[in-house]
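Participant: Mind looking over this structure? Questions follow.
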Amino acid sequence: MKKLFALVLALALCFSLAALAVPASADGEIVINFPSIWVGTDSKAPYLAEMIEAFNAENAGSIKVVVEDQTDYQAYRDKIRTTITTGSAPDLCILDTTFDIKAFAESGKFMDLTPYLDEGWGANFTDGAFDAWSVDGKVSILPFEAAVFTPIYNTEILKAAGWDHFPATYTEFFQMADDIKAAGFNVMGQMAGENGWSSMLWYSLLVEAIGGKDVYADGLSNPAFVEAAKVLKEMYNYTFDGAISAGAGDVNGHWLNRDTAIYLNGPWWIANLYKEENAVDGVLLADVCEVATNPSYEGGKGEGGLVTTVQGFLAAAKQDDPAKEAAVIKFLKYISEPERVSQWALSSGAMFFVKYTPSPETRLISQKVTEVANKAPYTILHVNGAFPTAFSTEFPAAVSALVLGEVDEQGFVDQLQLAIDMA
Amino acid sequence: MKLIRSDRKALFAFMAPAILVMILFFVIPVIYVIVVSFLKWNGISAPAFNNLKNYALLMKDKSFSRSVINNIIWALVAGFIQVPLAMVMAIILSRKPKGWKFFRTVYFFPQVISGIALATLWRAIYNAEHGMLNGLLRAVGLGAAAKDWLGTIQTAFPAVLIYWVFYIGYYMVIMMADITTIDTSYYEAATIDGATDFQQAIYITIPLIKKTSLLTCVTLASVMGLRQFEQVYMLTNGQPANTTSTIVLYMYKKMQNANYGIASASAVILILVGVIFIICIRKLFEGRGDRPPVVKSVRRAVK
């Protein structure tokens, strides 16, 4: 009797745990599990949550999208990779490691979206959006969130340094940098701590200006990478103290404190320029900001190209159940519908690979960034996106070694190349 | 004593759950890590046998050798500076001086705070522009000594290591618990013989805890030194120029790069370093008898 009781108890425990593990759903309701990083403080989170709520309400009883909040980007990447390694993929997920996209597509774990895109859905996306990411003519990973990186500068600081325009060449840029420094300001925020993000973006701009649109064709062997390293090192003379150990918080803090003239980050950051909490004497930071193009480098091959990246891809797991596949596609179409994307862009400041008419309420700085982007004759990925993840992991170490004189410019490039080779 | 068959069965029955857990959660994962260390695998495509190339690449990688050296320094500092400091405090506080409970709490307090929170706090203290350390230096007229502590090659690793050395509470309470079990008659006899507190500590307390809590604490501290991660990750992420990296951080970065073969190879080397360390510590603490002739040694010292 005791054994039977113990067995019943154990089974009850197992069933209750199993019940906890699986999201509850009504009979016949299809549940789409969506582990997402567009949650929490991510600027895209509020509108996405609104869309999901509306979608679930419209499809009540038949489809339910369940978001699994993932606020740690690296843990999220590890999770996605692990689930793929163990034989499955989440119903829907966001991928953000550009260089690995083809490997993900080739894994065969993701749904082929080509037939649905060919049926007309593809017309919603910008021309050529899928070209670089399709494998054997099939699209299984959808480029979705775009990012462009253009310098934004504080006109008041430039004015205080005697400059009424942003330099068109890097030679002029360093003349301006001297004037800004002499006026008691930092020229830009650099950081070799954390992931070295700001320095990586400046390096990408330099690589474009020096090497031009085909700079990545021969990998790191292009001499532009060494030359760009030399200029990047020079830039560390014009940033705040402690940039070697600084992180994004330090760079952003200086910019918001208005002691730094130039800021470089993705479009998602524009919303911060309009926040009242960042205003000084009632003047919004956005009111004293202008958007610049990447200066040209004398003797360089760059022609005003734009540094971009795919900030987020959407991918859906291959499904055995046609009804579930249809449900996932229905949701993907729902969130990529141009009118919704227009609102999404307005609320978040993010940019998307969807053709949409920007809302008239779109913030002025966002409009200017879009103008600069539209004028660019070509685009290149930022360096983190153009090389394997090993590059971005090693970048902060290589930059600090370069700036501290542990390696020369060639040594900097060699260090990055070694990291890539090891991967 | 000879075990009869039924005893053996009972013994096995009692041990079986522990053995099973050990096999499932230690032996199999270790074997798995060893196997993966010989593969080239990105976690998505099919793994391929890679001979000893992962190990060869590790040997060539300067940041890995730097990580191993840092870990060895860390483990030595933990075992031979941090634990002795804890021992000194344990001996002092076991004499129950005035306010000993307060100091015991103060020393133990950092143990209940997360390592991440402490690292974040120290990152702020070391901040080059607004950090408390540079602020203090400037306040006392030593502004010239102010620097980017975590961004300078010469100071980054000591800065990461040094604050942690003083978090001795965990080892201190272990040794205090052990010291309180020492028979007070040893101390009474030594006092009659005229031994000072210092002599009693050297000739009674330390020899009697040497093979118990002291050995345990040195082993624990060294192993914790070898597996350092969150402090370095939070404070410097291995920078500048990988000079503060540790093996676990190195391994983590290789996993970020989806290079599971090299990550596993570095894990295998970490296990080997750990085993060597533990063997060395045990050899160091090996003595001729379990309990030294305490009172005689005190008498010799007093004479």
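Letters for chains follow the order of the structure tokens (A, B, ...), residue numbers begin at 1 for each chain, and ligand numbers begin at 1 in the order shown.
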In range 161-217 of chain A, what's alpha helix (DSSP H) per DSSP? Answer as number ranges by chain?
Facilitator: A: 170-182, 197-211
Participant: What would the file look like if the residues just selected were written as a compact mmCIF listing (two decimals), in the first residue's frame with C-alpha atoms?
Facilitator:
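Dumped to part_17.txt:
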# COMPACT_ATOMS: atom_id res chain seq x y z
CA TYR A 170 39.44 63.14 -41.93
CA THR A 171 42.30 65.64 -42.28
CA GLU A 172 39.83 68.43 -41.55
CA PHE A 173 38.24 66.21 -38.89
CA PHE A 174 41.47 66.14 -36.88
CA GLN A 175 41.88 69.92 -37.27
CA MET A 176 38.42 70.27 -35.79
CA ALA A 177 39.31 67.71 -33.11
CA ASP A 178 42.24 69.88 -32.01
CA ASP A 179 39.96 72.91 -31.76
CA ILE A 180 37.32 71.01 -29.79
CA LYS A 181 39.96 69.66 -27.42
CA ALA A 182 41.39 73.16 -26.98
CA TRP A 197 31.25 48.94 -29.39
CA SER A 198 31.96 52.63 -30.03
CA SER A 199 35.52 51.97 -31.15
CA MET A 200 34.28 49.17 -33.38
CA LEU A 201 31.88 51.58 -35.08
CA TRP A 202 34.55 54.27 -35.54
CA TYR A 203 36.89 51.62 -36.92
CA SER A 204 34.16 50.54 -39.36
CA LEU A 205 33.72 54.12 -40.56
CA LEU A 206 37.48 54.44 -41.06
CA VAL A 207 37.69 51.11 -42.86
CA GLU A 208 34.95 52.25 -45.24
CA ALA A 209 36.56 55.64 -45.84
CA ILE A 210 39.97 54.11 -46.51
CA GLY A 211 39.09 50.82 -48.20
Participant: Report as a Markdown table the residues of chain B within 6 Å of chain A, each with its shortest atom pair and distance in Å (one decimal), using only C-alpha atoms, ordered by chain and increasing residue number.
Facilitator:
| residue | atom | partner | partner_atom | distance |
| --- | --- | --- | --- | --- |
| B:Gly43 | CA | A:Thr85 | CA | 5.4 |
| B:Ile44 | CA | A:Thr85 | CA | 5.5 |
| B:Ala128 | CA | A:Gly242 | CA | 5.1 |
| B:Asp148 | CA | A:Gly242 | CA | 5.2 |
| B:Leu150 | CA | A:Ser245 | CA | 5.8 |
| B:Gly151 | CA | A:Ser245 | CA | 4.6 |
| B:Gln239 | CA | A:Ala397 | CA | 5.7 |
| B:Pro240 | CA | A:Ser400 | CA | 5.3 |
| B:Ala241 | CA | A:Ala397 | CA | 4.2 |
| B:Asn242 | CA | A:Ala397 | CA | 5.5 |
| B:Asn257 | CA | A:Ala390 | CA | 5.1 |
| B:Asn259 | CA | A:Ala423 | CA | 5.8 |
Participant: List the spatial neighbours of range 35-43 of chain A as a VMD selection string - criterion: any atom at most 8 Å away, only C-alpha atoms, same-chain residues fewer than 4 positions off excluded.
Facilitator: chain A and resid 48 67 to 73 76 90 92 to 94 268 347 to 350
Participant: Suppose we keep N, CA and C atoms; can you now write the selection as a compact mmCIF listing (two decimals), in the first residue's frame?
Facilitator:
# COMPACT_ATOMS: atom_id res chain seq x y z
N LEU A 48 5.90 45.93 -29.97
CA LEU A 48 5.80 44.49 -30.26
C LEU A 48 4.79 43.84 -29.31
N VAL A 67 5.34 34.89 -25.59
CA VAL A 67 6.70 35.44 -25.58
C VAL A 67 7.45 34.99 -24.34
N GLU A 68 8.65 34.55 -24.58
CA GLU A 68 9.53 34.17 -23.47
C GLU A 68 10.58 35.28 -23.38
N ASP A 69 10.51 36.09 -22.34
CA ASP A 69 11.41 37.24 -22.22
C ASP A 69 12.87 36.82 -22.06
N GLN A 70 13.73 37.37 -22.88
CA GLN A 70 15.16 37.08 -22.80
C GLN A 70 15.89 38.42 -22.80
N THR A 71 16.35 38.84 -21.65
CA THR A 71 16.98 40.16 -21.60
C THR A 71 18.50 40.11 -21.73
N ASP A 72 19.08 38.91 -21.58
CA ASP A 72 20.53 38.77 -21.71
C ASP A 72 20.83 38.28 -23.13
N TYR A 73 21.40 39.19 -23.95
CA TYR A 73 21.60 38.87 -25.36
C TYR A 73 22.49 37.64 -25.56
N TYR A 76 20.81 34.51 -24.67
CA TYR A 76 19.82 34.22 -25.70
C TYR A 76 20.48 33.53 -26.91
N PRO A 90 13.43 27.11 -31.82
CA PRO A 90 12.19 27.67 -31.27
C PRO A 90 11.20 27.95 -32.40
N LEU A 92 9.70 30.50 -33.11
CA LEU A 92 10.07 31.79 -33.71
C LEU A 92 11.22 32.36 -32.88
N CYS A 93 12.19 32.95 -33.54
CA CYS A 93 13.28 33.53 -32.76
C CYS A 93 13.95 34.68 -33.52
N ILE A 94 14.78 35.41 -32.81
CA ILE A 94 15.52 36.52 -33.40
C ILE A 94 16.99 36.12 -33.44
N TRP A 268 18.47 53.14 -32.93
CA TRP A 268 17.64 52.89 -31.74
C TRP A 268 17.94 53.88 -30.62
N SER A 347 7.64 54.49 -32.95
CA SER A 347 7.68 54.36 -31.49
C SER A 347 9.07 53.99 -30.97
N SER A 348 9.85 53.30 -31.80
CA SER A 348 11.13 52.78 -31.29
C SER A 348 12.35 53.51 -31.83
N GLY A 349 12.20 54.14 -32.97
CA GLY A 349 13.37 54.75 -33.61
C GLY A 349 14.16 53.74 -34.42
N ALA A 350 13.74 52.48 -34.39
CA ALA A 350 14.46 51.43 -35.13
C ALA A 350 14.13 51.53 -36.62
Participant: Need to verify the contact set: Val65 in chain A, 9 Å, only C-alpha atoms, exclusion of same-chain residues closer than 5 positions in sequence. Can you return it as number ranges by chain?
Facilitator: A: 30-34, 52-53, 55-56, 328, 331
Participant: I want to know what sits within 12 Å of Ala117 in chain B, based on only C-alpha atoms, with residues of the same chain fewer than 6 positions away left out; could you give that as a PyMOL selection string?
Facilitator: chain B and resi 110-111+123-124+230-231+234-235
Participant: In Å, with one decimal, what is the gap from CA of Pro223 in chain A to CA of Gln410 in chain A?
Facilitator: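 Separation of CA of Pro223 in chain A and CA of Gln410 in chain A: 9.2 Å.
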Participant: Would you mind reading off the distance between CA of Phe149 in chain A and CA of Asn294 in chain A, one decimal, in Å?
Facilitator: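 According to the coordinates, CA of Phe149 in chain A and CA of Asn294 in chain A are separated by 9.1 Å.
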Participant: Could you jot down the CA of Lys253 in chain B to CA of Asn237 in chain B separation for me, Å, one decimal place?
Facilitator: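 The value is 9.6 Å.
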Participant: Would you list the contacts of range 219-229 of chain B as a PyMOL selection string, taking every protein, DNA or RNA residue within 7 Å and counting only C-alpha atoms, but skipping same-chain residues closer than 6 positions in sequence?
Facilitator: chain B and resi 71-72+74-76+78-79+246+248-249+274+278+281
Participant: Given the selection you just returned, output its residues as a file containing C-alpha atoms, formatted as a short mmCIF file (atom, residue, chain, number, x, y, z; two decimals), in the first residue's frame.
Facilitator:
data_model
loop_
_atom_site.label_atom_id
_atom_site.label_comp_id
_atom_site.auth_asym_id
_atom_site.auth_seq_id
_atom_site.Cartn_x
_atom_site.Cartn_y
_atom_site.Cartn_z
CA ASN B 71 44.87 31.58 -12.73
CA ILE B 72 47.96 30.11 -11.11
CA TRP B 74 45.15 33.74 -8.40
CA ALA B 75 45.16 30.27 -6.85
CA LEU B 76 48.49 30.89 -5.09
CA ALA B 78 44.08 32.59 -2.58
CA GLY B 79 45.79 29.67 -0.89
CA THR B 246 41.42 33.72 -16.77
CA VAL B 248 37.17 30.23 -17.52
CA LEU B 249 36.78 33.65 -19.17
CA GLY B 274 43.21 21.90 -10.80
CA ILE B 278 45.26 19.77 -5.33
CA ILE B 281 48.58 21.18 -1.76
#
Participant: Using only C-alpha atoms, which of the listed residues (B:Trp122, B:Trp149, B:Tyr203, B:Phe157) sits closest to Asn134 in chain B?
Facilitator: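 Comparing B:Trp122, B:Trp149, B:Tyr203, B:Phe157 against Asn134 in chain B, the winner is B:Trp149.
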